[in-house]
Amino acid sequence: MDDSALNYLQNTFGYADFRLQQREIIDTLINAADAVVLMPTGGGKSLCYQIPSLVRNGTGIIISPLIALMHDQVMALQQLGINAAYLNSTLDAKTARQTEADLLSGKLEMLYVAPERLNTSSFLHLLRQIDISLFAIDEAHCVSQWGHDFRPDYIKLSILHEQFPDIPRIALTATADKTTRKEIRKRLQLEDAREFISSFDRPNICYRITESQGNARTALLRFIQNEHENDSGIVYCLSRKKVESTALWLSEKGFTALPYHAGLSAQIRETNQQRFLKEESVIIVATIAFGMGIDKPDVRFVAHLNLPKSMEAYYQETGRAGRDGQPANAWMAYGLQDVITLKQMMTTSTAEEKYKRVEHQKLETMLGFTEITDCRRQSLLNYFGEPLDKPCGNCDNCLTPTETWDATIAAQKALSCVHRTNQRFGVNYLVDVLTGKDSDRIRQFGHDKLNVYGLGKEYEARQWRTIFRQLISRNLLTVDVESHGSLRLTELCRRVLRGEETLLLRKETKLAKTSRKGRKSYNTDKASDSVLWEALRACRKKLADENSVPPFVIFHDATLSEMMERQPENNEQLLKISGVGESKLEKYGEAFLKVISEHKNNKTSEASDTVNETLLLFRSGQDIGTIADRRNIKTSTVYSHLASCIENGELNLDEVIDLTQQDISIIHETLLSVDDGSRKLKPVYDALDGMFDYNTLRCVQAATLPA
Ligand code: ADP
Ligand code: ZN
């Protein structure tokens, strides 16, 4: 059977299978019917119109509001050997004329255009003279007057249906809510279109929220150093000043960190954005303004140094991580001061009362989200109307269950302290009173005579601040802005004060340690062979520079990582790797095969030396951490050396790893059941739900399945 869609997917794009509903969407268009598609960022929307454009006769016209994105997409298509172009205001007259000529001659498979162009009669006239395979309306939510991204030109796109009734249309968006969806159908005259709604879950993103007490930056540094040393990431801060200082600080610590905010000149912003796209391991420190229209698939982490204002903002901003589907982290540190600042900002905002109430409500929900002790993903998806029936296993609360404690008495003490001091003081003062601090100010007010003075000595000041934060988050206390952040009691606190309600709060002490072995970003984890990984990245960077494209346009991380695992030796084997299609094979295949074969040759000669050195140190009784430090190699490399010793019988498994017989047989069986000859550990790791780290698995693999 002729399956052109699958042919294009495999040979041109180099992917093995369609994802989610891609197949059905593509077939709908090939059969000349309309579609409305709702898919989260990174879900794979582009293929849904790119493949039908290739399969059907004529040129696919893609309407996109984001000029930078148009350019990137066209560049990526050209790399795949597809004849695509764009028309927008950034082109000079000559190039624009050439593109129009190409369009008329039927050469173009796809043409990207800005929406305003479709409202000009000259362009419509052009379109009437050519064969059109389909119209794709990207970012279709821009048609909604209620949304943030409303564009008047989108409204007029109904003209497509009027003037080209036989050409199939597809409208795509990543914006979730029902009202917008209805509006898209109505305004674009897509009432009869089939609707495809994908889950909004982003399973590869690990959500983590940690408490900070004024030390968020240090926590951020530790997070980046431990888990994202060589990765690209975005750090969001609330203010320009904080953006600047954080970028500077990270730079001082040896990272390439660039600021991005509206106060910088357009030129600096552009340069920083380009560096983020084109270089590797660049961290952008930005206000929330950064991100829209940036389609970088390999952002490995998004970190928030402040609390986002709503769940929508949180989802959107964290969603910029891991568009390539590879593991990514959404990390946030927030503290008492955040809560107070945001509440103050809302109260003092000059917005309309009605609007303010909505904002407030959204902030409350966001705050609630940070404090929950069960699965974050369940709660997040639930907010967007998509219940998830099981905890996800990939968020901080799932990975390191948070303990709660009965804080009723502590809360009563805190609340009475507010009451006894007449609701006139801020957190720091209240904590001083509770812990019985020796202070002139307290004596001045006579608060050392109160029975709450020193009543809370069982906790340290920092613990009390955590308690106050949660009381504010839960609305048992509010922050009075007029009087400099003094705390006031709310209606809700009565039940707690009277002992009618038990209050369970998070135990925070463990929170800073959410990071666990085996949860690192994937490239460092699998880097048993970090030398090859670096060599492949260097090869990609060189080719990217030669072609003036970002590295990910050459190959995604996932493709390199598969090369590393499979170590292909010829074109045929290379083509089997996801992301390698015919055009890229021809352009870059040779270069990458060379890197891999050189690596193999080097390895056989050097390997025995370096493994022997590790073995020697290990036999001399040094532990693995010490060996790694002494040899200045990663612990994962030490394990891989030891694994090869296990493999050739120089060591026994139990000399290296401390496991029960039962553990060994669980891993053993899993290894055998998922074994497909590739020796990949990720499927084993996943099948075991992350119960054992990669190092352990590698060693058991060496004992079970010698290569
Ligand atoms: P969206 O526009 O929905 O944010 P994209 O179309 O940019 O997402 O796709 C996200 C990433 O997933 C891209 O890097 C794309 O190449 C990749 N991708 C899409 N479909 C597939 C597939 N069927 N198999 C493998 N990778 C895919
Ligand atoms: Zn979870």
# chains A, B, ... in the order shown; residues from 1 in each chain; ligands from 1
call {"tool": "residues_around", "arguments": {"residues": "Arg23 of chain A", "least_positions_apart": "3", "cutoff": "10 Å", "atoms": "only C-alpha atoms", "output": "PyMOL selection string"}}
result
chain A and resi 5-6+17-20+26-28+47-48+51
call {"tool": "residues_around", "arguments": {"residues": "segment 54-65 of chain A", "least_positions_apart": "4", "cutoff": "7 Å", "atoms": "only C-alpha atoms", "output": "list in words"}}
result
Ser4, Ala5, Ile30, Gln50, Met70, Gly106, Leu108, Glu109, Met110, Leu111, Tyr112, Val113, Ala114, Pro115, Asp131, Ile132, Ser133, Leu134, Phe135, Ala136, Ile137, Asp138 and Glu139 of chain A
call {"tool": "residues_around", "arguments": {"residues": "segment 528-538 of chain A", "least_positions_apart": "6", "cutoff": "6 Å", "atoms": "only C-alpha atoms", "output": "ChimeraX atom specification"}}
result
/A:636-637,640
call {"tool": "closest_atom_pairs", "arguments": {"of": "chain A", "to": "ligand 1", "cutoff": "6 Å", "atoms": "only C-alpha atoms and all ligand atoms", "output": "CSV"}}
result
residue,atom,partner,partner_atom_place_in_ligand_line,distance
A:Tyr15,CA,ligand 1,24 (N),4.8
A:Asp17,CA,ligand 1,23 (N),5.2
A:Phe18,CA,ligand 1,23 (N),3.8
A:Arg19,CA,ligand 1,23 (N),4.4
A:Pro40,CA,ligand 1,3 (O),6.0
A:Thr41,CA,ligand 1,4 (O),3.6
A:Gly42,CA,ligand 1,4 (O),3.4
A:Gly43,CA,ligand 1,3 (O),4.0
A:Gly44,CA,ligand 1,9 (O),3.4
A:Lys45,CA,ligand 1,3 (O),3.8
A:Ser46,CA,ligand 1,6 (O),3.8
A:Leu47,CA,ligand 1,6 (O),5.8
A:Pro297,CA,ligand 1,14 (O),5.9
A:Arg323,CA,ligand 1,10 (C),5.5
A:Asp324,CA,ligand 1,11 (C),4.7
call {"tool": "write_last_selection", "arguments": {"atoms": "all heavy atoms", "output": "JSON list (two decimals), in the first residue's frame"}}
result
[["chain", "number", "residue", "atom", "x", "y", "z"],
["A", 15, "TYR", "N", 11.76, 10.18, 11.41],
["A", 15, "TYR", "CA", 11.13, 9.67, 12.62],
["A", 15, "TYR", "C", 10.44, 8.34, 12.32],
["A", 15, "TYR", "O", 9.91, 8.14, 11.22],
["A", 15, "TYR", "CB", 10.08, 10.65, 13.16],
["A", 15, "TYR", "CG", 10.67, 11.97, 13.58],
["A", 15, "TYR", "CD1", 10.07, 13.17, 13.20],
["A", 15, "TYR", "CD2", 11.82, 12.02, 14.37],
["A", 15, "TYR", "CE1", 10.60, 14.39, 13.58],
["A", 15, "TYR", "CE2", 12.36, 13.23, 14.76],
["A", 15, "TYR", "CZ", 11.74, 14.41, 14.36],
["A", 15, "TYR", "OH", 12.28, 15.61, 14.75],
["A", 17, "ASP", "N", 7.73, 6.75, 14.07],
["A", 17, "ASP", "CA", 6.27, 6.64, 14.20],
["A", 17, "ASP", "C", 5.62, 7.99, 14.39],
["A", 17, "ASP", "O", 6.26, 8.92, 14.88],
["A", 17, "ASP", "CB", 5.91, 5.81, 15.45],
["A", 17, "ASP", "CG", 6.63, 4.50, 15.45],
["A", 17, "ASP", "OD1", 6.37, 3.70, 14.54],
["A", 17, "ASP", "OD2", 7.48, 4.30, 16.35],
["A", 18, "PHE", "N", 4.33, 8.04, 14.07],
["A", 18, "PHE", "CA", 3.58, 9.25, 14.38],
["A", 18, "PHE", "C", 3.33, 9.31, 15.87],
["A", 18, "PHE", "O", 3.27, 8.29, 16.55],
["A", 18, "PHE", "CB", 2.24, 9.25, 13.64],
["A", 18, "PHE", "CG", 2.40, 9.56, 12.18],
["A", 18, "PHE", "CD1", 2.23, 8.58, 11.21],
["A", 18, "PHE", "CD2", 2.74, 10.84, 11.78],
["A", 18, "PHE", "CE1", 2.41, 8.86, 9.86],
["A", 18, "PHE", "CE2", 2.91, 11.14, 10.45],
["A", 18, "PHE", "CZ", 2.75, 10.15, 9.48],
["A", 19, "ARG", "N", 3.15, 10.52, 16.35],
["A", 19, "ARG", "CA", 2.83, 10.69, 17.76],
["A", 19, "ARG", "C", 1.34, 10.94, 17.92],
["A", 19, "ARG", "O", 0.72, 11.54, 17.06],
["A", 19, "ARG", "CB", 3.49, 11.96, 18.26],
["A", 19, "ARG", "CG", 4.86, 11.80, 18.78],
["A", 19, "ARG", "CD", 5.22, 13.12, 19.44],
["A", 19, "ARG", "NE", 6.64, 13.25, 19.62],
["A", 19, "ARG", "CZ", 7.24, 14.42, 19.77],
["A", 19, "ARG", "NH1", 6.52, 15.53, 19.72],
["A", 19, "ARG", "NH2", 8.52, 14.48, 19.95],
["A", 40, "PRO", "N", -0.43, 20.58, 23.25],
["A", 40, "PRO", "CA", 0.47, 21.39, 24.06],
["A", 40, "PRO", "C", 1.75, 21.70, 23.28],
["A", 40, "PRO", "O", 2.05, 21.04, 22.29],
["A", 40, "PRO", "CB", 0.79, 20.50, 25.25],
["A", 40, "PRO", "CG", 0.57, 19.12, 24.76],
["A", 40, "PRO", "CD", -0.54, 19.22, 23.75],
["A", 41, "THR", "N", 2.46, 22.69, 23.75],
["A", 41, "THR", "CA", 3.76, 23.03, 23.18],
["A", 41, "THR", "C", 4.64, 21.79, 23.14],
["A", 41, "THR", "O", 4.67, 21.04, 24.11],
["A", 41, "THR", "CB", 4.42, 24.07, 24.10],
["A", 41, "THR", "OG1", 3.51, 25.12, 24.25],
["A", 41, "THR", "CG2", 5.70, 24.59, 23.50],
["A", 42, "GLY", "N", 5.32, 21.61, 22.04],
["A", 42, "GLY", "CA", 6.20, 20.45, 21.93],
["A", 42, "GLY", "C", 5.48, 19.18, 21.53],
["A", 42, "GLY", "O", 6.08, 18.13, 21.38],
["A", 43, "GLY", "N", 4.17, 19.28, 21.34],
["A", 43, "GLY", "CA", 3.38, 18.10, 21.01],
["A", 43, "GLY", "C", 3.62, 17.61, 19.59],
["A", 43, "GLY", "O", 3.38, 16.45, 19.27],
["A", 44, "GLY", "N", 4.07, 18.50, 18.73],
["A", 44, "GLY", "CA", 4.32, 18.10, 17.35],
["A", 44, "GLY", "C", 3.28, 18.61, 16.39],
["A", 44, "GLY", "O", 2.80, 17.91, 15.50],
["A", 45, "LYS", "N", 2.90, 19.88, 16.55],
["A", 45, "LYS", "CA", 1.88, 20.46, 15.69],
["A", 45, "LYS", "C", 2.37, 20.64, 14.25],
["A", 45, "LYS", "O", 1.61, 20.43, 13.32],
["A", 45, "LYS", "CB", 1.42, 21.81, 16.25],
["A", 45, "LYS", "CG", 0.53, 21.67, 17.47],
["A", 45, "LYS", "CD", -0.07, 22.99, 17.90],
["A", 45, "LYS", "CE", 0.91, 23.85, 18.65],
["A", 45, "LYS", "NZ", 1.39, 23.26, 19.91],
["A", 46, "SER", "N", 3.62, 21.06, 14.09],
["A", 46, "SER", "CA", 4.06, 21.41, 12.74],
["A", 46, "SER", "C", 3.90, 20.27, 11.73],
["A", 46, "SER", "O", 3.48, 20.50, 10.61],
["A", 46, "SER", "CB", 5.51, 21.89, 12.72],
["A", 46, "SER", "OG", 5.95, 22.22, 13.98],
["A", 47, "LEU", "N", 4.25, 19.06, 12.16],
["A", 47, "LEU", "CA", 4.13, 17.94, 11.22],
["A", 47, "LEU", "C", 2.71, 17.77, 10.71],
["A", 47, "LEU", "O", 2.51, 17.28, 9.61],
["A", 47, "LEU", "CB", 4.56, 16.64, 11.90],
["A", 47, "LEU", "CG", 6.04, 16.34, 12.03],
["A", 47, "LEU", "CD1", 6.24, 14.92, 12.53],
["A", 47, "LEU", "CD2", 6.73, 16.49, 10.68],
["A", 297, "PRO", "N", 14.05, 23.74, 21.08],
["A", 297, "PRO", "CA", 13.53, 22.47, 21.60],
["A", 297, "PRO", "C", 14.30, 21.92, 22.80],
["A", 297, "PRO", "O", 13.77, 21.16, 23.58],
["A", 297, "PRO", "CB", 13.67, 21.52, 20.41],
["A", 297, "PRO", "CG", 14.75, 22.09, 19.58],
["A", 297, "PRO", "CD", 14.69, 23.58, 19.77],
["A", 323, "ARG", "N", 10.78, 20.88, 24.94],
["A", 323, "ARG", "CA", 9.89, 20.71, 23.79],
["A", 323, "ARG", "C", 10.27, 19.50, 22.96],
["A", 323, "ARG", "O", 9.47, 18.99, 22.19],
["A", 323, "ARG", "CB", 9.93, 21.94, 22.90],
["A", 323, "ARG", "CG", 9.37, 23.18, 23.54],
["A", 323, "ARG", "CD", 9.57, 24.37, 22.65],
["A", 323, "ARG", "NE", 8.67, 24.31, 21.52],
["A", 323, "ARG", "CZ", 7.82, 25.28, 21.19],
["A", 323, "ARG", "NH1", 7.77, 26.36, 21.90],
["A", 323, "ARG", "NH2", 7.05, 25.15, 20.16],
["A", 324, "ASP", "N", 11.52, 19.05, 23.08],
["A", 324, "ASP", "CA", 11.94, 17.89, 22.30],
["A", 324, "ASP", "C", 11.52, 16.58, 22.95],
["A", 324, "ASP", "O", 11.85, 15.51, 22.48],
["A", 324, "ASP", "CB", 13.47, 17.92, 22.11],
["A", 324, "ASP", "CG", 14.21, 18.03, 23.44],
["A", 324, "ASP", "OD1", 13.56, 17.92, 24.49],
["A", 324, "ASP", "OD2", 15.43, 18.23, 23.41]]
call {"tool": "closest_atom_pairs", "arguments": {"of": "chain A", "to": "ligand 2", "cutoff": "6 Å", "atoms": "only C-alpha atoms and all ligand atoms", "output": "CSV"}}
result
residue,atom,partner,partner_atom_place_in_ligand_line,distance
A:Cys375,CA,ligand 2,1 (Zn),3.6
A:Arg376,CA,ligand 2,1 (Zn),5.0
A:Arg377,CA,ligand 2,1 (Zn),5.1
A:Pro391,CA,ligand 2,1 (Zn),4.9
A:Cys392,CA,ligand 2,1 (Zn),3.8
A:Gly393,CA,ligand 2,1 (Zn),4.7
A:Asn394,CA,ligand 2,1 (Zn),5.1
A:Cys395,CA,ligand 2,1 (Zn),4.2
A:Asn397,CA,ligand 2,1 (Zn),5.9
A:Cys398,CA,ligand 2,1 (Zn),4.5
call {"tool": "write_last_selection", "arguments": {"atoms": "all heavy atoms", "output": "compact mmCIF listing (two decimals), in the first residue's frame"}}
result
# COMPACT_ATOMS: atom_id res chain seq x y z
N CYS A 375 0.57 14.99 44.41
CA CYS A 375 1.12 15.13 43.06
C CYS A 375 0.85 16.49 42.40
O CYS A 375 -0.28 16.92 42.26
CB CYS A 375 0.58 14.01 42.18
SG CYS A 375 1.17 14.13 40.49
N ARG A 376 1.90 17.17 42.02
CA ARG A 376 1.77 18.49 41.38
C ARG A 376 1.09 18.37 40.01
O ARG A 376 0.33 19.22 39.62
CB ARG A 376 3.15 19.09 41.13
CG ARG A 376 3.96 19.22 42.36
CD ARG A 376 4.14 20.66 42.73
NE ARG A 376 5.11 20.74 43.80
CZ ARG A 376 4.91 21.39 44.94
NH1 ARG A 376 3.79 22.04 45.15
NH2 ARG A 376 5.84 21.40 45.87
N ARG A 377 1.45 17.35 39.27
CA ARG A 377 0.91 17.23 37.91
C ARG A 377 -0.59 17.02 37.96
O ARG A 377 -1.34 17.60 37.19
CB ARG A 377 1.60 16.09 37.18
CG ARG A 377 1.33 16.05 35.66
CD ARG A 377 2.06 14.89 35.02
NE ARG A 377 3.43 14.81 35.50
CZ ARG A 377 4.45 15.46 34.92
NH1 ARG A 377 4.26 16.16 33.85
NH2 ARG A 377 5.66 15.35 35.43
N PRO A 391 -1.09 9.46 40.56
CA PRO A 391 0.03 10.39 40.76
C PRO A 391 1.11 10.12 39.71
O PRO A 391 1.28 8.99 39.27
CB PRO A 391 0.54 10.03 42.16
CG PRO A 391 -0.57 9.30 42.82
CD PRO A 391 -1.36 8.65 41.75
N CYS A 392 1.83 11.17 39.32
CA CYS A 392 2.65 11.07 38.11
C CYS A 392 4.00 10.40 38.27
O CYS A 392 4.55 9.86 37.33
CB CYS A 392 2.86 12.47 37.54
SG CYS A 392 4.06 13.44 38.47
N GLY A 393 4.55 10.44 39.47
CA GLY A 393 5.87 9.84 39.64
C GLY A 393 7.00 10.71 39.13
O GLY A 393 8.15 10.31 39.14
N ASN A 394 6.68 11.89 38.63
CA ASN A 394 7.73 12.75 38.10
C ASN A 394 7.55 14.20 38.56
O ASN A 394 7.61 15.14 37.77
CB ASN A 394 7.77 12.66 36.57
CG ASN A 394 9.04 13.27 35.99
OD1 ASN A 394 10.07 13.34 36.66
ND2 ASN A 394 8.95 13.73 34.75
N CYS A 395 7.28 14.34 39.86
CA CYS A 395 7.26 15.69 40.44
C CYS A 395 7.87 15.54 41.83
O CYS A 395 8.03 14.43 42.32
CB CYS A 395 5.85 16.25 40.51
SG CYS A 395 4.78 15.47 41.72
N ASN A 397 6.78 16.04 44.81
CA ASN A 397 5.96 15.39 45.82
C ASN A 397 5.84 13.89 45.60
O ASN A 397 5.70 13.13 46.56
CB ASN A 397 4.57 16.03 45.88
CG ASN A 397 4.63 17.40 46.51
OD1 ASN A 397 5.62 17.75 47.17
ND2 ASN A 397 3.60 18.20 46.31
N CYS A 398 5.87 13.48 44.32
CA CYS A 398 5.83 12.04 44.05
C CYS A 398 7.18 11.41 44.35
O CYS A 398 7.26 10.31 44.88
CB CYS A 398 5.46 11.78 42.60
SG CYS A 398 3.72 12.00 42.23
call {"tool": "select_by_dssp", "arguments": {"residues": "segment 255-360 of chain A", "states": "alpha helix (DSSP H)", "output": "ChimeraX atom specification"}}
result
/A:266-278,311-318,336-348,353-360
call {"tool": "closest_residue", "arguments": {"among": "A:Leu430, A:Leu126, A:Ala643, A:Arg194", "to": "Leu29 of chain A", "atoms": "only C-alpha atoms"}}
result
A:Arg194
call {"tool": "residues_around", "arguments": {"residues": "Leu492 of chain A", "least_positions_apart": "5", "cutoff": "10 Å", "atoms": "only C-alpha atoms", "output": "NGL selection string"}}
result
:A and (474-477 or 497)
call {"tool": "select_by_dssp", "arguments": {"residues": "segment 431-490 of chain A", "states": "strand (DSSP E or B)", "output": "ChimeraX atom specification"}}
result
/A:477-480,486-489
call {"tool": "write_last_selection", "arguments": {"atoms": "all heavy atoms", "output": "compact mmCIF listing (two decimals), in the first residue's frame"}}
result
# COMPACT_ATOMS: atom_id res chain seq x y z
N LEU A 477 -4.08 34.35 57.50
CA LEU A 477 -3.58 35.69 57.78
C LEU A 477 -3.53 36.46 56.46
O LEU A 477 -3.31 35.87 55.41
CB LEU A 477 -2.15 35.61 58.34
CG LEU A 477 -1.96 35.09 59.76
CD1 LEU A 477 -0.48 34.87 60.04
CD2 LEU A 477 -2.55 36.08 60.76
N THR A 478 -3.74 37.77 56.52
CA THR A 478 -3.54 38.56 55.31
C THR A 478 -2.47 39.62 55.58
O THR A 478 -2.17 39.93 56.74
CB THR A 478 -4.80 39.33 54.87
OG1 THR A 478 -5.18 40.17 55.95
CG2 THR A 478 -5.90 38.40 54.50
N VAL A 479 -1.94 40.13 54.50
CA VAL A 479 -0.90 41.14 54.63
C VAL A 479 -1.55 42.51 54.42
O VAL A 479 -2.19 42.75 53.41
CB VAL A 479 0.18 40.94 53.55
CG1 VAL A 479 1.31 41.93 53.76
CG2 VAL A 479 0.69 39.52 53.58
N ASP A 480 -1.38 43.38 55.38
CA ASP A 480 -1.94 44.72 55.24
C ASP A 480 -0.91 45.62 54.58
O ASP A 480 0.16 45.86 55.12
CB ASP A 480 -2.30 45.25 56.64
CG ASP A 480 -3.03 46.58 56.53
OD1 ASP A 480 -2.94 47.22 55.46
OD2 ASP A 480 -3.69 46.96 57.52
N SER A 486 2.03 44.63 57.79
CA SER A 486 1.66 43.99 59.05
C SER A 486 0.61 42.92 58.76
O SER A 486 -0.12 42.99 57.79
CB SER A 486 1.12 45.02 60.03
OG SER A 486 -0.01 45.64 59.49
N LEU A 487 0.59 41.90 59.63
CA LEU A 487 -0.31 40.78 59.40
C LEU A 487 -1.61 40.95 60.17
O LEU A 487 -1.62 41.43 61.30
CB LEU A 487 0.37 39.47 59.81
CG LEU A 487 1.65 39.13 59.06
CD1 LEU A 487 2.15 37.75 59.48
CD2 LEU A 487 1.42 39.16 57.55
N ARG A 488 -2.69 40.57 59.51
CA ARG A 488 -4.00 40.64 60.16
C ARG A 488 -4.68 39.28 60.13
O ARG A 488 -4.44 38.49 59.22
CB ARG A 488 -4.90 41.64 59.43
CG ARG A 488 -4.43 43.06 59.64
CD ARG A 488 -5.33 44.03 58.90
NE ARG A 488 -4.83 45.37 59.12
CZ ARG A 488 -5.19 46.12 60.17
NH1 ARG A 488 -6.07 45.66 61.04
NH2 ARG A 488 -4.67 47.32 60.33
N LEU A 489 -5.54 39.08 61.11
CA LEU A 489 -6.27 37.82 61.16
C LEU A 489 -7.41 37.85 60.15
O LEU A 489 -7.94 38.90 59.83
CB LEU A 489 -6.86 37.62 62.56
CG LEU A 489 -5.85 37.63 63.70
CD1 LEU A 489 -6.59 37.59 65.04
CD2 LEU A 489 -4.91 36.44 63.58
call {"tool": "residues_around", "arguments": {"residues": "Leu238 of chain A", "least_positions_apart": "2", "cutoff": "8 Å", "atoms": "only C-alpha atoms", "output": "list in words"}}
result
Tyr236, Arg240, Lys242, Val243, Thr287, Ile288, Leu305 and Asn306 of chain A
call {"tool": "residues_around", "arguments": {"residues": "Ala216 of chain A", "least_positions_apart": "3", "cutoff": "6 Å", "atoms": "only C-alpha atoms", "output": "list in words"}}
result
Ser212, Ala219 and Ala333 of chain A
call {"tool": "closest_residue", "arguments": {"among": "A:Ala544, A:Leu124, A:Ile442, A:Val611", "to": "Phe425 of chain A", "atoms": "only C-alpha atoms"}}
result
A:Ile442
call {"tool": "closest_residue", "arguments": {"among": "A:His228, A:Arg275, A:Lys186, A:His419", "to": "Val36 of chain A", "atoms": "only C-alpha atoms"}}
result
A:Lys186
call {"tool": "closest_residue", "arguments": {"among": "A:Trp405, A:Phe255, A:Tyr49, A:Tyr453", "to": "Pro168 of chain A", "atoms": "only C-alpha atoms"}}
result
A:Tyr49
call {"tool": "atom_distance", "arguments": {"atom1": "atom CA of Ala33 of chain A", "atom2": "atom CA of Gln163 of chain A"}}
result
16.2 Å
call {"tool": "closest_residue", "arguments": {"among": "A:Ile472, A:Ala286, A:Leu505, A:Leu697", "to": "Ile340 of chain A", "atoms": "only C-alpha atoms"}}
result
A:Ile472
call {"tool": "decode", "arguments": {"residues": "segment 384-395 of chain A", "atoms": "N, CA, C and O atoms", "output": "PDB file, in the first residue's frame"}}
result
ATOM      1  N   PHE A 384      -6.619  22.618  34.640  1.00  0.00           N
ATOM      2  CA  PHE A 384      -6.976  22.838  33.243  1.00  0.00           C
ATOM      3  C   PHE A 384      -8.069  21.878  32.764  1.00  0.00           C
ATOM      4  O   PHE A 384      -8.239  21.654  31.567  1.00  0.00           O
ATOM      5  N   GLY A 385      -8.760  21.286  33.732  1.00  0.00           N
ATOM      6  CA  GLY A 385      -9.913  20.473  33.394  1.00  0.00           C
ATOM      7  C   GLY A 385      -9.561  19.115  32.825  1.00  0.00           C
ATOM      8  O   GLY A 385     -10.320  18.539  32.047  1.00  0.00           O
ATOM      9  N   GLU A 386      -8.403  18.596  33.206  1.00  0.00           N
ATOM     10  CA  GLU A 386      -7.997  17.300  32.664  1.00  0.00           C
ATOM     11  C   GLU A 386      -7.519  16.406  33.801  1.00  0.00           C
ATOM     12  O   GLU A 386      -6.337  16.325  34.086  1.00  0.00           O
ATOM     13  N   PRO A 387      -8.451  15.719  34.444  1.00  0.00           N
ATOM     14  CA  PRO A 387      -8.030  14.926  35.606  1.00  0.00           C
ATOM     15  C   PRO A 387      -7.072  13.802  35.219  1.00  0.00           C
ATOM     16  O   PRO A 387      -7.181  13.220  34.155  1.00  0.00           O
ATOM     17  N   LEU A 388      -6.124  13.554  36.104  1.00  0.00           N
ATOM     18  CA  LEU A 388      -5.133  12.492  35.880  1.00  0.00           C
ATOM     19  C   LEU A 388      -5.394  11.491  36.987  1.00  0.00           C
ATOM     20  O   LEU A 388      -5.374  11.846  38.148  1.00  0.00           O
ATOM     21  N   ASP A 389      -5.634  10.223  36.632  1.00  0.00           N
ATOM     22  CA  ASP A 389      -6.140   9.347  37.684  1.00  0.00           C
ATOM     23  C   ASP A 389      -5.074   8.803  38.635  1.00  0.00           C
ATOM     24  O   ASP A 389      -5.399   8.346  39.717  1.00  0.00           O
ATOM     25  N   LYS A 390      -3.799   8.879  38.219  1.00  0.00           N
ATOM     26  CA  LYS A 390      -2.759   8.382  39.136  1.00  0.00           C
ATOM     27  C   LYS A 390      -1.718   9.467  39.384  1.00  0.00           C
ATOM     28  O   LYS A 390      -1.464  10.279  38.505  1.00  0.00           O
ATOM     29  N   PRO A 391      -1.090   9.463  40.564  1.00  0.00           N
ATOM     30  CA  PRO A 391       0.029  10.392  40.763  1.00  0.00           C
ATOM     31  C   PRO A 391       1.109  10.122  39.715  1.00  0.00           C
ATOM     32  O   PRO A 391       1.280   8.990  39.272  1.00  0.00           O
ATOM     33  N   CYS A 392       1.834  11.171  39.322  1.00  0.00           N
ATOM     34  CA  CYS A 392       2.648  11.073  38.111  1.00  0.00           C
ATOM     35  C   CYS A 392       3.997  10.397  38.273  1.00  0.00           C
ATOM     36  O   CYS A 392       4.551   9.864  37.329  1.00  0.00           O
ATOM     37  N   GLY A 393       4.550  10.441  39.471  1.00  0.00           N
ATOM     38  CA  GLY A 393       5.868   9.841  39.640  1.00  0.00           C
ATOM     39  C   GLY A 393       7.002  10.705  39.126  1.00  0.00           C
ATOM     40  O   GLY A 393       8.151  10.311  39.140  1.00  0.00           O
ATOM     41  N   ASN A 394       6.679  11.888  38.626  1.00  0.00           N
ATOM     42  CA  ASN A 394       7.733  12.753  38.104  1.00  0.00           C
ATOM     43  C   ASN A 394       7.552  14.199  38.562  1.00  0.00           C
ATOM     44  O   ASN A 394       7.610  15.138  37.771  1.00  0.00           O
ATOM     45  N   CYS A 395       7.278  14.343  39.858  1.00  0.00           N
ATOM     46  CA  CYS A 395       7.265  15.686  40.439  1.00  0.00           C
ATOM     47  C   CYS A 395       7.868  15.545  41.834  1.00  0.00           C
ATOM     48  O   CYS A 395       8.027  14.429  42.323  1.00  0.00           O
TER      49      CYS A 395
END
